[in-house]
Structures are given as C-alpha cells and as structure tokens.
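Asker: If it helps, the file is called coords23.cif and holds mmCIF, C-alpha atoms and all ligand atoms:
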data_data
loop_
_atom_site.label_atom_id
_atom_site.label_comp_id
_atom_site.auth_asym_id
_atom_site.auth_seq_id
_atom_site.Cartn_x
_atom_site.Cartn_y
_atom_site.Cartn_z
CA MET A 1 84.06 127.86 85.83
CA MET A 2 87.65 126.71 86.20
CA THR A 3 90.38 129.19 85.69
CA LYS A 4 91.87 129.68 82.26
CA ILE A 5 94.92 131.82 82.62
CA TYR A 6 97.04 129.76 84.94
CA SER A 7 97.96 126.53 83.37
CA LYS A 8 100.43 123.76 83.25
CA THR A 9 102.93 124.63 85.92
CA SER A 10 100.59 125.17 88.88
CA SER A 11 98.67 121.98 88.09
CA LYS A 12 101.86 119.98 87.81
CA LEU A 13 103.24 121.43 91.02
CA PHE A 14 99.98 120.71 92.84
CA GLU A 15 100.13 117.06 91.82
CA ARG A 16 103.76 116.84 92.88
CA ALA A 17 103.05 118.64 96.18
CA GLN A 18 100.37 116.12 97.12
CA GLU A 19 102.96 113.35 97.01
CA SER A 20 104.90 114.85 99.89
CA ILE A 21 102.69 117.43 101.67
CA PRO A 22 99.19 116.63 103.08
CA GLY A 23 96.78 117.96 100.47
CA GLY A 24 99.71 119.66 98.77
CA VAL A 25 99.58 122.67 101.08
CA ASN A 26 100.90 123.83 104.43
CA SER A 27 97.65 125.55 105.45
CA PRO A 28 94.22 124.22 104.41
CA VAL A 29 92.56 127.29 102.82
CA ARG A 30 95.38 127.44 100.26
CA ALA A 31 94.13 124.21 98.69
CA PHE A 32 91.17 125.98 96.96
CA LYS A 33 88.82 123.32 98.32
CA SER A 34 85.95 125.76 98.81
CA VAL A 35 86.21 127.14 95.27
CA GLY A 36 87.28 123.90 93.61
CA GLY A 37 90.10 123.54 91.11
CA THR A 38 93.82 123.85 91.47
CA PRO A 39 95.60 126.36 93.70
CA ILE A 40 98.03 128.71 92.03
CA PHE A 41 101.70 128.39 92.85
CA PHE A 42 103.43 131.74 93.16
CA LYS A 43 107.06 132.62 92.83
CA GLU A 44 107.33 136.39 93.10
CA ALA A 45 105.43 139.44 94.32
CA HIS A 46 106.04 143.16 94.00
CA GLY A 47 103.82 145.97 95.19
CA ALA A 48 100.19 145.02 94.53
CA TYR A 49 101.05 142.19 92.14
CA LEU A 50 101.61 138.47 92.45
CA TYR A 51 103.39 136.41 89.76
CA ASP A 52 102.72 132.71 89.41
CA GLU A 53 104.98 129.92 88.21
CA ASP A 54 103.65 130.38 84.67
CA GLY A 55 104.54 134.07 84.70
CA ASN A 56 100.91 135.29 84.99
CA ARG A 57 100.34 138.49 86.94
CA TYR A 58 97.51 138.96 89.45
CA ILE A 59 96.33 141.97 91.41
CA ASP A 60 96.53 140.81 95.01
CA LEU A 61 93.52 141.49 97.25
CA ILE A 62 94.65 139.23 100.09
CA ALA A 63 98.07 140.62 100.95
CA SER A 64 99.18 137.27 102.41
CA TRP A 65 96.00 137.39 104.57
CA GLY A 66 96.97 140.79 105.87
CA PRO A 67 100.69 141.17 106.54
CA MET A 68 101.68 142.87 103.27
CA ILE A 69 99.84 146.09 104.11
CA LEU A 70 102.53 148.18 102.40
CA GLY A 71 102.60 145.93 99.34
CA HIS A 72 105.03 143.15 98.49
CA SER A 73 108.81 143.58 98.52
CA HIS A 74 108.61 147.07 100.00
CA PRO A 75 112.08 148.55 99.31
CA ASP A 76 112.69 149.65 102.92
CA VAL A 77 111.79 146.23 104.29
CA VAL A 78 113.88 144.44 101.67
CA GLU A 79 116.86 146.66 102.45
CA ALA A 80 116.54 146.23 106.21
CA ILE A 81 116.31 142.44 106.17
CA THR A 82 119.10 142.19 103.60
CA LYS A 83 121.38 144.12 105.98
CA GLN A 84 120.33 141.98 108.92
CA VAL A 85 120.83 138.72 107.10
CA ASN A 86 124.52 139.51 106.78
CA LYS A 87 124.85 140.14 110.52
CA ALA A 88 123.01 137.21 112.08
CA THR A 89 119.78 135.28 111.61
CA SER A 90 119.34 133.79 115.08
CA PHE A 91 120.96 133.92 118.52
CA GLY A 92 118.45 132.42 120.93
CA ALA A 93 119.64 135.24 123.21
CA PRO A 94 118.49 138.82 123.88
CA THR A 95 118.98 141.56 121.27
CA ARG A 96 118.57 145.32 121.07
CA LEU A 97 116.12 144.78 118.20
CA GLU A 98 113.59 143.18 120.54
CA ILE A 99 113.61 146.18 122.85
CA GLU A 100 113.17 148.57 119.94
CA MET A 101 110.27 146.49 118.64
CA ALA A 102 108.56 146.38 122.06
CA GLU A 103 109.06 150.14 122.55
CA LEU A 104 107.63 150.92 119.14
CA MET A 105 104.58 148.74 119.81
CA LYS A 106 104.02 150.49 123.14
CA GLU A 107 104.16 153.83 121.36
CA MET A 108 101.55 152.73 118.83
CA VAL A 109 99.12 150.57 120.83
CA PRO A 110 96.97 152.02 123.66
CA GLY A 111 97.45 150.45 127.09
CA LEU A 112 100.35 148.21 126.11
CA GLU A 113 102.91 148.10 128.92
CA LEU A 114 104.61 144.75 128.49
CA VAL A 115 104.71 142.63 125.36
CA ARG A 116 106.04 139.13 124.62
CA MET A 117 107.05 138.16 121.08
CA VAL A 118 106.10 134.78 119.59
CA ASN A 119 106.21 133.30 116.07
CA SER A 120 102.58 133.21 114.95
CA GLY A 121 99.09 134.44 115.70
CA THR A 122 98.20 130.96 116.95
CA GLU A 123 100.95 131.08 119.54
CA ALA A 124 99.89 134.56 120.61
CA CYS A 125 96.25 133.56 121.22
CA MET A 126 97.14 130.26 122.84
CA SER A 127 99.53 132.04 125.22
CA ALA A 128 97.03 134.81 126.01
CA ILE A 129 94.39 132.25 127.06
CA ARG A 130 96.92 130.40 129.22
CA LEU A 131 97.91 133.70 130.82
CA ALA A 132 94.29 134.69 131.49
CA ARG A 133 93.68 131.31 133.11
CA GLY A 134 96.86 131.46 135.15
CA TYR A 135 96.22 135.02 136.26
CA THR A 136 92.57 134.50 137.27
CA GLY A 137 92.84 130.89 138.44
CA LYS A 138 89.72 130.11 136.39
CA ASN A 139 89.48 127.58 133.56
CA LYS A 140 86.70 128.42 131.12
CA PHE A 141 86.61 131.04 128.40
CA ILE A 142 84.11 132.41 125.91
CA LYS A 143 84.74 132.69 122.19
CA PHE A 144 82.42 133.72 119.36
CA THR A 145 81.22 131.40 116.61
CA GLY A 146 82.96 132.24 113.35
CA CYS A 147 85.91 133.97 115.02
CA TYR A 148 89.26 132.33 114.38
CA HIS A 149 92.05 132.44 116.92
CA GLY A 150 94.52 130.04 115.36
CA HIS A 151 94.64 126.29 115.51
CA ALA A 152 95.41 125.60 119.18
CA ASP A 153 93.10 122.95 120.70
CA PRO A 154 90.83 125.17 122.85
CA PHE A 155 89.88 127.35 119.86
CA LEU A 156 88.83 124.57 117.52
CA VAL A 157 85.79 123.68 119.56
CA LYS A 158 82.39 124.17 117.98
CA ALA A 159 79.98 121.85 119.72
CA GLY A 160 80.78 123.19 123.16
CA SER A 161 80.19 121.43 126.42
CA GLY A 162 77.26 119.22 125.34
CA LEU A 163 79.38 116.60 123.60
CA ALA A 164 82.22 117.32 125.99
CA THR A 165 80.24 115.80 128.83
CA PHE A 166 80.74 112.41 127.22
CA ASP A 167 84.40 113.11 126.58
CA ILE A 168 83.87 112.75 122.84
CA GLN A 169 86.22 114.33 120.31
CA SER A 170 83.74 116.50 118.40
CA VAL A 171 86.67 117.99 116.53
CA PRO A 172 89.04 115.09 115.75
CA GLY A 173 92.12 115.40 117.92
CA VAL A 174 90.61 117.78 120.48
CA THR A 175 89.68 116.08 123.75
CA GLY A 176 86.29 116.40 125.41
CA GLY A 177 88.10 117.81 128.43
CA THR A 178 89.43 120.69 126.38
CA ALA A 179 86.08 121.28 124.71
CA HIS A 180 84.40 121.42 128.10
CA ASP A 181 86.21 124.66 128.96
CA THR A 182 85.41 126.48 125.71
CA LEU A 183 82.05 128.27 125.65
CA THR A 184 80.69 129.79 122.46
CA ALA A 185 78.31 132.65 121.74
CA PRO A 186 77.12 134.18 118.46
CA PHE A 187 79.08 137.29 117.39
CA ASN A 188 77.28 140.55 118.21
CA ASP A 189 75.01 138.81 120.76
CA ILE A 190 75.57 140.32 124.22
CA GLN A 191 72.61 138.44 125.76
CA ALA A 192 74.24 135.14 124.87
CA VAL A 193 77.41 136.25 126.66
CA GLN A 194 75.44 137.27 129.75
CA GLN A 195 73.73 133.88 129.71
CA LEU A 196 77.02 131.97 129.58
CA ILE A 197 78.35 134.04 132.47
CA ASP A 198 75.19 133.32 134.49
CA GLN A 199 75.40 129.60 133.72
CA ASN A 200 79.07 129.39 134.72
CA PRO A 201 79.36 131.62 137.77
CA GLY A 202 82.91 132.37 138.86
CA GLU A 203 84.36 130.00 136.26
CA ILE A 204 85.16 132.22 133.30
CA ALA A 205 88.74 133.43 132.93
CA ALA A 206 88.45 135.28 129.64
CA VAL A 207 86.42 136.43 126.68
CA ILE A 208 88.39 136.37 123.42
CA ILE A 209 87.11 138.16 120.33
CA GLU A 210 88.15 139.51 116.97
CA PRO A 211 86.98 143.11 117.55
CA VAL A 212 86.27 143.32 113.82
CA ALA A 213 85.81 139.75 112.65
CA GLY A 214 87.78 138.82 109.56
CA ASN A 215 87.36 135.08 109.38
CA MET A 216 83.71 134.88 108.27
CA GLY A 217 84.12 137.65 105.75
CA CYS A 218 84.49 141.07 107.30
CA VAL A 219 81.97 141.41 110.12
CA PRO A 220 82.15 144.64 112.12
CA PRO A 221 80.87 144.81 115.71
CA GLN A 222 77.44 146.39 116.02
CA PRO A 223 77.35 149.73 117.83
CA GLY A 224 77.68 149.21 121.59
CA PHE A 225 78.52 145.52 121.42
CA LEU A 226 82.20 145.76 122.40
CA GLU A 227 81.42 148.47 124.97
CA LYS A 228 78.90 146.15 126.64
CA LEU A 229 81.37 143.28 126.51
CA ARG A 230 83.90 145.52 128.27
CA ILE A 231 81.35 146.32 131.01
CA LEU A 232 80.43 142.64 131.53
CA CYS A 233 84.10 141.65 131.77
CA ASP A 234 84.75 144.37 134.38
CA LEU A 235 81.67 143.39 136.32
CA TYR A 236 82.60 139.72 136.57
CA GLY A 237 86.41 139.94 136.77
CA ILE A 238 86.85 138.42 133.31
CA ILE A 239 89.91 139.19 131.17
CA LEU A 240 88.88 140.73 127.84
CA ILE A 241 91.22 139.61 125.07
CA PHE A 242 91.15 141.37 121.71
CA ASP A 243 92.55 139.11 119.04
CA GLU A 244 94.07 141.79 116.84
CA VAL A 245 96.06 139.36 114.73
CA MET A 246 94.20 140.74 111.72
CA THR A 247 93.16 144.19 112.88
CA GLY A 248 96.34 145.16 114.72
CA PHE A 249 98.33 147.83 112.83
CA ARG A 250 95.82 147.43 109.98
CA LEU A 251 92.80 149.44 111.12
CA ALA A 252 94.92 152.14 112.76
CA ARG A 253 98.35 152.44 114.38
CA GLY A 254 96.68 151.29 117.59
CA GLY A 255 94.47 148.74 115.84
CA ALA A 256 90.80 148.18 116.68
CA GLN A 257 91.32 149.44 120.24
CA GLU A 258 92.21 152.89 118.89
CA ARG A 259 89.73 152.84 116.04
CA LEU A 260 86.76 151.73 118.17
CA GLY A 261 87.75 153.35 121.44
CA VAL A 262 87.37 150.18 123.51
CA LYS A 263 90.26 148.90 125.62
CA ALA A 264 91.06 145.23 126.09
CA ASP A 265 93.04 143.70 128.96
CA LEU A 266 95.18 141.57 126.68
CA VAL A 267 95.82 142.00 122.99
CA THR A 268 97.24 139.47 120.52
CA PHE A 269 99.06 140.31 117.32
CA GLY A 270 100.28 138.57 114.19
CA LYS A 271 100.23 139.18 110.44
CA VAL A 272 101.13 142.91 109.91
CA ILE A 273 103.45 142.84 112.94
CA GLY A 274 105.87 140.58 111.06
CA GLY A 275 105.91 142.55 107.81
CA GLY A 276 105.79 139.22 105.94
CA LEU A 277 107.97 137.19 108.31
CA PRO A 278 106.59 134.83 110.99
CA VAL A 279 105.88 136.98 114.04
CA GLY A 280 103.18 137.14 116.69
CA ALA A 281 102.93 138.89 120.04
CA PHE A 282 100.70 139.29 123.06
CA GLY A 283 100.68 142.08 125.57
CA GLY A 284 98.78 144.13 128.09
CA ASN A 285 99.29 145.98 131.32
CA ARG A 286 102.23 145.36 133.62
CA ASP A 287 100.11 143.65 136.28
CA ILE A 288 98.66 140.89 134.10
CA MET A 289 101.76 140.47 131.91
CA SER A 290 103.93 140.07 135.01
CA ALA A 291 102.32 136.66 135.52
CA VAL A 292 104.32 135.45 132.49
CA ALA A 293 107.58 133.52 133.11
CA PRO A 294 110.29 134.32 134.08
CA VAL A 295 108.66 137.03 136.26
CA GLY A 296 105.56 134.97 137.02
CA LYS A 297 104.56 131.34 136.91
CA VAL A 298 102.68 131.13 133.58
CA TYR A 299 105.15 129.32 131.34
CA GLN A 300 105.67 130.55 127.80
CA ALA A 301 108.77 130.23 125.61
CA GLY A 302 110.15 130.02 122.07
CA THR A 303 113.53 129.14 120.54
CA LEU A 304 113.06 131.54 117.63
CA SER A 305 110.89 134.13 119.44
CA GLY A 306 112.14 137.66 118.80
CA ASN A 307 114.16 136.34 115.88
CA PRO A 308 116.39 139.16 114.55
CA LEU A 309 115.36 138.80 110.91
CA ALA A 310 111.66 138.72 111.81
CA MET A 311 112.05 141.66 114.21
CA THR A 312 113.74 143.66 111.47
CA ALA A 313 110.94 143.08 108.95
CA GLY A 314 108.30 143.83 111.57
CA TYR A 315 110.03 146.87 113.01
CA THR A 316 110.58 148.40 109.57
CA THR A 317 106.94 147.85 108.59
CA LEU A 318 105.56 149.25 111.85
CA SER A 319 107.93 152.24 111.69
CA ILE A 320 106.62 153.20 108.28
CA LEU A 321 103.01 152.92 109.51
CA ASN A 322 103.85 154.89 112.64
CA GLN A 323 105.51 157.70 110.71
CA HIS A 324 102.89 157.81 107.96
CA PRO A 325 99.44 157.59 109.54
CA GLU A 326 98.05 159.00 106.28
CA ILE A 327 98.50 155.45 104.92
CA TYR A 328 95.42 154.48 106.95
CA LEU A 329 93.35 157.25 105.38
CA GLU A 330 94.50 156.26 101.91
CA LEU A 331 93.71 152.61 102.59
CA ASP A 332 90.25 153.53 103.89
CA GLN A 333 89.52 155.62 100.80
CA LYS A 334 90.75 152.97 98.38
CA THR A 335 88.72 150.28 100.13
CA LYS A 336 85.53 152.38 100.01
CA LEU A 337 86.13 153.17 96.36
CA LEU A 338 86.72 149.51 95.53
CA ARG A 339 83.59 148.51 97.48
CA ASP A 340 81.47 151.15 95.73
CA LYS A 341 82.72 150.23 92.26
CA ILE A 342 82.30 146.48 92.68
CA ALA A 343 78.88 146.97 94.32
CA GLN A 344 77.76 149.19 91.44
CA ALA A 345 78.90 146.62 88.89
CA LEU A 346 77.15 143.75 90.68
CA GLU A 347 73.96 145.78 91.10
CA GLN A 348 73.87 146.71 87.43
CA ASN A 349 74.06 143.05 86.55
CA GLY A 350 71.20 142.18 88.86
CA TRP A 351 73.08 140.30 91.57
CA ASN A 352 71.61 140.12 95.03
CA PHE A 353 74.31 140.67 97.65
CA THR A 354 75.36 142.50 100.77
CA THR A 355 78.77 144.01 101.50
CA ASN A 356 80.65 144.66 104.74
CA LEU A 357 83.55 147.02 105.14
CA PHE A 358 85.75 148.22 107.96
CA GLY A 359 88.96 150.13 107.29
CA SER A 360 90.88 148.12 104.71
CA MET A 361 88.87 144.93 105.29
CA LEU A 362 86.04 144.18 102.88
CA SER A 363 83.69 141.36 101.91
CA PHE A 364 80.79 140.62 99.57
CA HIS A 365 78.13 138.02 100.36
CA PHE A 366 75.65 136.81 97.74
CA ASP A 367 71.95 136.11 98.34
CA VAL A 368 71.83 137.11 101.99
CA GLU A 369 70.19 140.20 103.55
CA GLN A 370 72.94 141.07 106.01
CA VAL A 371 75.92 139.42 107.66
CA THR A 372 76.40 140.30 111.32
CA ASN A 373 77.34 136.81 112.57
CA PHE A 374 78.43 133.38 111.41
CA GLU A 375 74.94 131.99 111.03
CA GLN A 376 74.12 134.63 108.44
CA ALA A 377 77.51 134.25 106.76
CA SER A 378 76.89 130.54 106.36
CA ILE A 379 73.65 130.95 104.39
CA GLN A 380 75.27 133.07 101.67
CA ASN A 381 75.30 131.62 98.17
CA GLN A 382 78.67 129.95 97.88
CA GLU A 383 78.06 128.78 94.32
CA THR A 384 77.76 132.37 93.13
CA PHE A 385 80.85 133.26 95.13
CA LYS A 386 82.81 130.51 93.35
CA LYS A 387 81.70 131.82 89.97
CA PHE A 388 82.67 135.35 90.96
CA PHE A 389 86.03 134.14 92.28
CA TYR A 390 86.90 132.42 88.99
CA HIS A 391 85.49 135.24 86.89
CA MET A 392 87.91 137.60 88.64
CA LEU A 393 90.81 135.14 88.71
CA ASN A 394 90.57 134.64 84.97
CA GLN A 395 91.13 138.36 84.59
CA GLY A 396 94.16 138.37 86.84
CA ILE A 397 92.55 139.34 90.13
CA TYR A 398 93.34 137.24 93.17
CA LEU A 399 90.45 137.27 95.67
CA PRO A 400 90.43 135.18 98.84
CA PRO A 401 89.54 131.62 97.71
CA SER A 402 86.70 131.29 100.23
CA ALA A 403 83.41 133.07 100.83
CA PHE A 404 84.33 133.21 104.52
CA GLU A 405 87.41 135.35 104.11
CA SER A 406 87.85 139.08 104.01
CA TYR A 407 89.73 141.02 101.33
CA PHE A 408 92.79 142.78 102.75
CA LEU A 409 93.99 145.74 100.79
CA SER A 410 97.58 146.85 100.51
CA ASN A 411 98.48 150.46 100.01
CA ALA A 412 100.39 149.50 96.88
CA LEU A 413 97.01 149.09 95.16
CA SER A 414 96.62 151.99 92.71
CA LEU A 415 93.53 153.79 91.45
CA GLU A 416 94.23 152.21 88.06
CA ASP A 417 94.15 148.78 89.69
CA ILE A 418 90.81 149.62 91.29
CA GLU A 419 89.47 150.77 87.94
CA TYR A 420 90.66 147.54 86.34
CA ILE A 421 89.02 145.46 89.07
CA SER A 422 85.69 147.25 88.71
CA GLU A 423 85.73 146.76 84.96
CA ALA A 424 86.36 143.05 85.53
CA ALA A 425 83.44 142.92 87.97
CA SER A 426 81.17 144.69 85.48
CA THR A 427 81.38 141.73 83.09
CA PHE A 428 80.22 139.30 85.79
CA THR A 429 76.75 138.49 84.47
CA MET A 430 74.16 135.87 85.33
C1 LIG A 501 95.37 134.52 111.21
C2 LIG A 501 94.71 134.64 112.52
C3 LIG A 501 95.17 133.92 113.63
C4 LIG A 501 96.24 132.87 113.53
O1 LIG A 501 97.47 133.41 113.16
P1 LIG A 501 98.57 132.42 112.50
O2 LIG A 501 99.76 133.32 112.34
O3 LIG A 501 97.99 131.92 111.24
O4 LIG A 501 98.83 131.34 113.48
C5 LIG A 501 94.60 134.18 114.85
N1 LIG A 501 93.62 135.10 114.98
C6 LIG A 501 93.16 135.81 113.93
C7 LIG A 501 92.09 136.83 114.14
C8 LIG A 501 93.68 135.58 112.66
O5 LIG A 501 93.18 136.25 111.63
#
Have the structure of the file written as structure tokens, please.
Answerer:
Amino acid sequence: MMTKIYSKTSSKLFERAQESIPGGVNSPVRAFKSVGGTPIFFKEAHGAYLYDEDGNRYIDLIASWGPMILGHSHPDVVEAITKQVNKATSFGAPTRLEIEMAELMKEMVPGLELVRMVNSGTEACMSAIRLARGYTGKNKFIKFTGCYHGHADPFLVKAGSGLATFDIQSVPGVTGGTAHDTLTAPFNDIQAVQQLIDQNPGEIAAVIIEPVAGNMGCVPPQPGFLEKLRILCDLYGIILIFDEVMTGFRLARGGAQERLGVKADLVTFGKVIGGGLPVGAFGGNRDIMSAVAPVGKVYQAGTLSGNPLAMTAGYTTLSILNQHPEIYLELDQKTKLLRDKIAQALEQNGWNFTTNLFGSMLSFHFDVEQVTNFEQASIQNQETFKKFFYHMLNQGIYLPPSAFESYFLSNALSLEDIEYISEAASTFTM
C-alpha cells in the first residue's frame, strides 16, 4: 500500500525534520498520519504540477488547500511579487496597496463595506468572533461539527458545555471556560440550531459556518438550510458569520454568498485571497466593522498585516479572477468532468461510494450512503480511502492525504490531466 515512486530523499528529509520540528511538519495534516507512510517533500511547482525532492512529478488536486486556484507560479503573480520584492517587503505602516486590495474585495464581494487584513484564516475567524462578541455584548457562539475555523481556542471545542461545567480541558490546552461558550450543532440541522438558541436565550453572539463545508470532505448545504439560518439570526439578533476561507473567491468572485444568494453579516477570508502568500481578512458592513479598533473598542492588530508582498500576490490573483469570471465556469466544468470520470471508473470496478461536489470542490467517500454532515463523513471506509490515495499517488496524482478533506482544483488542470487521472482511477480494483 505504501507509495513506490517517491523514495529516498523524502524519507530522509522526514527523519531529519522530526529531529527539529514536532512530527516533522508545521501543520498536522501534512504528516500523512491518516494515510500512513512518509509525507512527500516538495521543492517546485508549476501550473497543475508539483515536483518533489526526488524529481518526481505529481498532478496536484489540492492546490495548497485552495490558494493556488490559477495554478502554481502563475506568470502574472510571479512578475508582480518579483517587482514588489525589489521595492520593499515590509513597512509596518500604511500603503496604497492595502487600499487597492480592500477596494477590489469590495467590488467582488456582496455587502462588504469595510475589511481588515490579517495573516491567516485562523486570525480572520478568531477576530470575527471577537468582533461579534464585542458588538453584541454576548459571549456564546454556535459552530457546526466538522466545520473548521482555524486553530484558535474557541473553535477547537468538541465536547461542548457538558465537560466545561467541570472546567476540564476536553481538548488539551483549551480551558473549560472557553469551551463553555462554544455551542455545537450538526451541519445541515436547523432544528439543532433552534434548540441551542432556545436553551441559551439572549446569550448567543454569533453563528459561524462554512457555507459549503470543505473540512469533512466537500459537504454542500442542503436547500434552504442557510436561508433558515439567516432568518433565525435576524430573529434573535445573532451575527451570522460565513467562514469563506475556503469558498471565498473560489466558488465565484463573490464566494458562497454570491453563489448561494445568502448574505452573511461578517465574512472571513484566507487561502485564495493571498494567492499563495499568507493572507487572511474579515469584513462586513460599516456599522459592525466600525466596532474594530482604532474606530471602535474591539482590539485587533498585526505587525505584518497588509504586508506589501502578500498584498501584491493577493491583489494580482483576485484581479485575474475579477477580470476573467469565465475561469469559474471552466473550473466548474473540469470538476464535474473529473467527478464523472472517477465515479465511472470506481463504479465499473464495483466500489461502493458517494461523491459530493460544489463548484471546484469535490470529494469521494467509500462505503457510505450519503455525506451531509460530520457523523456520516466519519463512518466512511477510511481503509479503502487510504488504498485509493496510494493507488493514485503511485501514478503521480496528489490527492488530499485524508478522507476528511476536499479536492481543490486549479484552472491549470488540463483535459489531458483529467483523462490521465481517470485512467489511473480505472485500474483501482478490489
Ligand atoms: C483553512 C481554513 C481556516 C484556517 O485558515 P489558516 O490560514 O490555515 O489559518 C479557517 N476556516 C476554513 C474554512 C478553512 O478552510
């Protein structure tokens, strides 16, 4: 089951990495723990292809977990950041670039009036929750099981308020006090949300959700779910936060809000917005966003926020997407084609699976009827997924190394690549 084509160098580097980096990686999923074996160490990427330290080429179906929507080393992005690097890489002071970035975002995203730049999706979500709490004066918030909003304390809670009562760290490092204020509901379950609101009257500041979930595979919202969430939030004075770190600028120029026609009060961004550099952002209407310092009292800051190099990569990427909306149509078509071809191959070989797709996000789940929430995602057959992962990897196709992650397509992926991938899938037999 282990991979054949990568060899000496990645294994050696992984051993060396573990001597000086916890688990050898700077973010856990990279360690290949859920598929077993040794992670691959990369050194270059162009268009739809990744190149590892041994010189092997892989078709990339992750796109750095989303950001590289135009493909790797896009010539316009490379040119823009090369120019910027010769001017300055950081001031810690205002720049014209930040205004241009904010103006472009406002042009693309519905309802965005003020936007604050940060350095990661985690920072964006963490700041949005603080803002919602500061603005409403309420402490609790609702999140959905299986949705990921970065690694800030309040989002890592699973057990909810039960354990929190005893001030126990149910997630090591997260206090019971923090856990107490995080309420969780199953994705796509509006009754559960209503129940939490009823049980915590006047206490809920915000509901945060991935409008199309991408951290338990791809799990789209069921028809009416987000609309009902919007109504509940309006009814009870709750701030609705769309975590569009994955979906923003990926599903449409205006992200999930545009694509699904539901408006959030606050929106968080990351991934695509940085064009491959570390960028995040959160924004909303002028009223709520005016509670952020230095206008308002909700403190939020960052030494490298709005960094000129990062702004340049992000601005160039967003400009291309803004000027070429046909990219979204092409991405949609390629993703459907890829889904159809892989599904056909798996079916022919007798595999039992279900597949979810939304825009350029896609996932396959073995031995489960349907996946509309985390509970269903967690009963999929992970052993078969592992086999599929290595079957594809051995043929130079880099899938997300976890059954709980979505594929993210880049528009650099060609029809020939899709054909190659489907041929590889067709030899995946029992
Ligand atoms: C990736 C992700 C985050 C966290 O972003 P980082 O840049 O990794 O901190 C938050 N929310 C969603 C939906 C994500 O996919």
Asker: Hey, which of A:Thr268, A:Asn307, A:Thr175, A:Thr122 ends up closest to ligand LIG 501 (chain A)? Count all atoms listed in the file.
Answerer: A:Thr122
Asker: Neighbouring residues of ligand LIG 501 (chain A) are defined here as those with any atom at most 7 Å from a ligand atom, counting all atoms listed in the file; list them as a PyMOL selection string.
Answerer: chain A and resi 120-123+125+147-151+210+214-215+243-246+270-271+280
Asker: What gap, in Å, lies between atom CA of A:Lys334 and atom CA of A:Gln222?
Answerer: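 Straight-line distance from atom CA of A:Lys334 to atom CA of A:Gln222 works out to 23.1 Å.
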Asker: Near A:Tyr420, within 10 Å and counting all atoms listed in the file, which residues show up once chain neighbours fewer than 4 positions away are dropped, as a list in words?
Answerer: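 The filter keeps Ile59, Gln395, Gly396, Ile397, Ser414, Leu415, Glu416, Ala424, Ala425 and Ser426 of chain A.
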Asker: Would you kindly return, as a list in words, each protein, DNA or RNA residue with an atom no farther than 8 Å from any atom of stretch 288-292 of chain A, considering all atoms listed in the file and excluding same-chain residues fewer than 4 positions away?
Answerer: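 Answer for this query is Leu114, Val115, Leu131, Gly134, Tyr135, Gly283, Gly284, Gly296, Lys297, Val298, Tyr299 and Gln300 of chain A.
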Asker: Nearest to A:Phe404 among A:Pro94, A:Pro28, A:Gly217, A:Gly36, with distances taken over all atoms listed in the file: which residue is it?
Answerer: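 Closest to A:Phe404, using all atoms listed in the file: A:Gly217.
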Asker: When you count only C-alpha atoms, which of these residues is closest to A:Arg230: A:Leu318, A:Ala205, A:Ala264, A:Ala252?
Answerer: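 Smallest distance to A:Arg230 is found for A:Ala264.
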Asker: Just give me the gap between atom CA of A:Pro186 and atom CA of A:Thr145 in Å, one decimal is fine.
Answerer: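 A separation of 5.3 Å between them.
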Asker: Could you please determine the separation between atom CA of A:Asn86 and atom CA of A:Thr303 in Å, to one decimal place?
Answerer: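 One can read the atom CA of A:Asn86 to atom CA of A:Thr303 distance as 20.4 Å.
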Asker: For stretch 65-75 of chain A, please output as a list in words all residues within 8 Å (counting only C-alpha atoms; exclusion window: fewer than 5 positions along the same chain).
Answerer: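 Once the nearby chain positions are removed, what remains is Ala45, His46, Gly47, Ala48, Tyr49, Met246, Arg250, Lys271, Val272, Ile273, Gly274, Gly275, Gly276, Thr317, Tyr407, Phe408, Leu409, Ser410, Asn411, Ala412 and Leu413 of chain A.
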Asker: Can you work out which one of A:Ile239, A:Ala345, A:Met108, A:Val35 has the shortest atom-to-atom distance to A:Ile129, counting all atoms listed in the file?
Answerer: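 With all atoms listed in the file as the atom set, the closest residue is A:Ile239.
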Asker: Select, from A:Ser319, A:Gln333, A:Ser11, A:Ser170, the residue with the minimum atom-to-atom distance to A:Glu103, counting all atoms listed in the file.
Answerer: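 Closest candidate: A:Ser319.
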Asker: Which residues are close to stretch 152-157 of chain A, i.e. within 7 Å by only C-alpha atoms, leaving aside same-chain residues fewer than 2 positions away? Reply as a ChimeraX atom specification.
Answerer: /A:122,126,149-150,159-160,171,174,178-179,182
Asker: Would you please work out which residue, of A:Ala88, A:Met430, A:Ser402, A:Gly306, is nearest to A:Asn352 when using only C-alpha atoms?
Answerer: A:Met430
Asker: Excluding A:Asp340 and any residue of its chain fewer than 6 positions from it, enumerate the residues within 10 Å of it, using only C-alpha atoms, and give them as a VMD selection string.
Answerer: chain A and resid 334 346 355 422
Asker: Save out the residues we just selected, C-alpha atoms, as an mmCIF file, keeping the file's coordinate frame.
Answerer:
data_model
loop_
_atom_site.group_PDB
_atom_site.id
_atom_site.type_symbol
_atom_site.label_atom_id
_atom_site.label_comp_id
_atom_site.auth_asym_id
_atom_site.auth_seq_id
_atom_site.Cartn_x
_atom_site.Cartn_y
_atom_site.Cartn_z
ATOM 1 C CA LYS A 334 90.750 152.970 98.380
ATOM 2 C CA LEU A 346 77.150 143.750 90.680
ATOM 3 C CA THR A 355 78.770 144.010 101.500
ATOM 4 C CA SER A 422 85.690 147.250 88.710
#
Asker: Sorted by chain and rising residue number, which residues of stretch 262-372 of chain A lie within 7 Å of stretch 378-391 of chain A, and what are their closest atom pairs and distances in Å to one decimal, counting all atoms listed in the file, as JSON lines?
Answerer:
{"residue": "A:His365", "atom": "CA", "partner": "A:Gln380", "partner_atom": "CA", "distance": 5.9}
{"residue": "A:Phe366", "atom": "CA", "partner": "A:Asn381", "partner_atom": "CA", "distance": 5.2}
{"residue": "A:Asp367", "atom": "CA", "partner": "A:Gln380", "partner_atom": "CA", "distance": 5.6}
{"residue": "A:Val368", "atom": "CA", "partner": "A:Gln380", "partner_atom": "CA", "distance": 5.3}
Asker: What are the closest atom pairs, with distances in Å to one decimal, for all residues of stretch 180-219 of chain A lying within 9 Å of stretch 234-237 of chain A? Consider only C-alpha atoms, order rows by chain and residue number, and present the result as CSV.
Answerer:
residue,atom,partner,partner_atom,distance
A:Ile197,CA,A:Tyr236,CA,8.2
A:Pro201,CA,A:Tyr236,CA,8.8
A:Gly202,CA,A:Tyr236,CA,7.7
A:Ile204,CA,A:Gly237,CA,8.6
A:Ala205,CA,A:Gly237,CA,7.9
A:Ala206,CA,A:Gly237,CA,8.8
